[in-house]
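For reference, the structure discussed in these notes is given below.
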Amino acid sequence: MNIQTTSRLTAAETALIEAYNNQLGDLPGDGDVLAVRDRLLDDLKTAGLPTRRFEAWHYTDFKNLLRSVPTDLGAGSVETLSPTVPGSAVLPVLQGSANDKTSVDGLVVRRYADSLADGTAAARLTALGRDDAIGRINGSFVRDGYVIEFPDGTELDAPLEIQFVHAGGQIHSRLPVSFGADVKATVIERHQAVPGAAALVSSVSDIKIGKGAEVTWIILQEQGTEDTHLGQIRVDLGADAKLKLFVINAGGKLVRQELHVKVTGEGSDLVLRGVNLLGGDTHTDVTLVLGHDVPHTGSTEIVRNVVFDRARGIFQGMIRVAPDAQKTDARMACNTLLMSDDAEFSVKPELEIFADDVQCGHGATVADIDENHLYYMMARGIPRNKARAMLVNAFVAEIIEELEDEALVEALEGVISAWLENHA
């Protein structure tokens, strides 16, 4: 006798399927795009949302953590925000829709909805593997975003800020960006919730960095207290290119932020810095997969985490060094402050090295505030809560201060200080 087992769909999985069926007639895309959407959703139906049995999701049982899904696009009214850094050019995506009248001098900007409509988006509207739930959800539902091209030699005097602002509902956006040779630019990818209903947000940024380019890319995530945020960034780093990638998570009820970086050009260098501010009863997972595929490349990754209340956080960092990637220099560290007995943080640093002439290492620390430091500050008249906030702020500010733009450092430190005032 053969016994066949079936995977029972959860309420969230059922809601996703129903939402797709309800939205299908309104989703932009030609026949090729529609065929890709159908395949992605069929894969999601077959495999279901990932559980702990998927190694990449071992610390985030997504199938059980995602309890509900908004069934509609959301009817909240939102407006473009003041830029994080005054003087920045802003490309807004409001309630999931881009602005077709927005342009930036020197750049080629196009709505992603137009790429869906003419089918040019179909080739890259793919999942990265069998455990890529974010790619499947986003590819099935994505409606808009921007396609941005930085021509060779472009130099921006001020940051470019792409604002994803919502007030609840389902919001699915995509952001393909290509940087030509010798480009120098700073981009802020800002995810912001304004008061409204709970949201399911997915966002995929597809970035290609050309030869000799110097790019700073900042992800600033401040979702609402009941929002689910699924973020993914895919990076291809070319020869002699330099990327500074900063990730700041300061919101969201359930957050999964994936960073997939391929180092494909000799002489390139990646600097990754992360700050995770976790409080309440939240769950935040940052997962990095970094592949050094060619010789003479470098990377450093430092992630700082501050965890209050009953929050739970995860950092998974995988560095793979290919057989041909001799002379690779890759170093990774994850440092965590646990500010509550009920707080949790899991760290899983990994190295897979197939070359024999490399310098690679990783490490992790978990600690609380040093009582001697608190005593020293309190003895000088500083209240305990204020002293704790100052020490925590110094712990994460060290990361932000690596940015060379004073206005940008001041703005991001303001975001961090405001969050700590509400939690420390």
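How things are named: the first chain in the structure tokens is A, the next is B, and so on; residues count from 1 in each chain; ligands count from 1 in the order shown.
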
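Proximity to Asn305 in chain A at 7 Å, evaluated using only C-alpha atoms and with sequence-adjacent residues fewer than 3 positions away removed, yields Val275, Asn276, Leu277, Asn335, Thr336 and Leu337 of chain A.
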
Subject >> Among listed residues A:Ala355, A:Leu66, A:Ala122, A:Leu91, nearest Gly139 in chain A (using only C-alpha atoms) >> reply: A:Ala122

**OP:** Write out as a list of chain:residue names the residues lying within 6 Å of Arg174 in chain A, counting only C-alpha atoms and excluding same-chain residues fewer than 6 positions away.
**Re:** A:Gly145, A:Ser203, A:Val204, A:Ser205

Would you mind exporting the chosen residues as a compact mmCIF listing (two decimals), in the first residue's frame, restricted to C-alpha atoms?
```txt
# COMPACT_ATOMS: atom_id res chain seq x y z
CA GLY A 145 8.92 50.09 -9.15
CA SER A 203 10.74 44.23 -2.48
CA VAL A 204 13.49 42.92 -4.76
CA SER A 205 16.41 45.12 -5.82
```

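Of the residues under consideration (A:Arg320, A:His362, A:His58, A:His423), A:His58 shows the shortest atom-to-atom contact distance to Asp131 in chain A when counting only C-alpha atoms.
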
**OP:** Considering only C-alpha atoms, return as a VMD selection string whatever protein or nucleic-acid residues lie within 12 Å of range 264-270 of chain A, sequence-local ones (same chain, fewer than 5 positions apart) excluded.
**Re:** chain A and resid 208 to 217 235 to 246 290 to 302 321 to 322 324 to 332

**OP:** Provide the CA of Leu128 in chain A to CA of Gln23 in chain A distance in Å, to one decimal place.
**Re:** 24.1 Å

Subject >> Ser202 in chain A surroundings by only C-alpha atoms, 8 Å radius, close-in-sequence under 6 positions cut, as a PyMOL selection string >> reply: chain A and resi 134+137-138+171-173+229-231
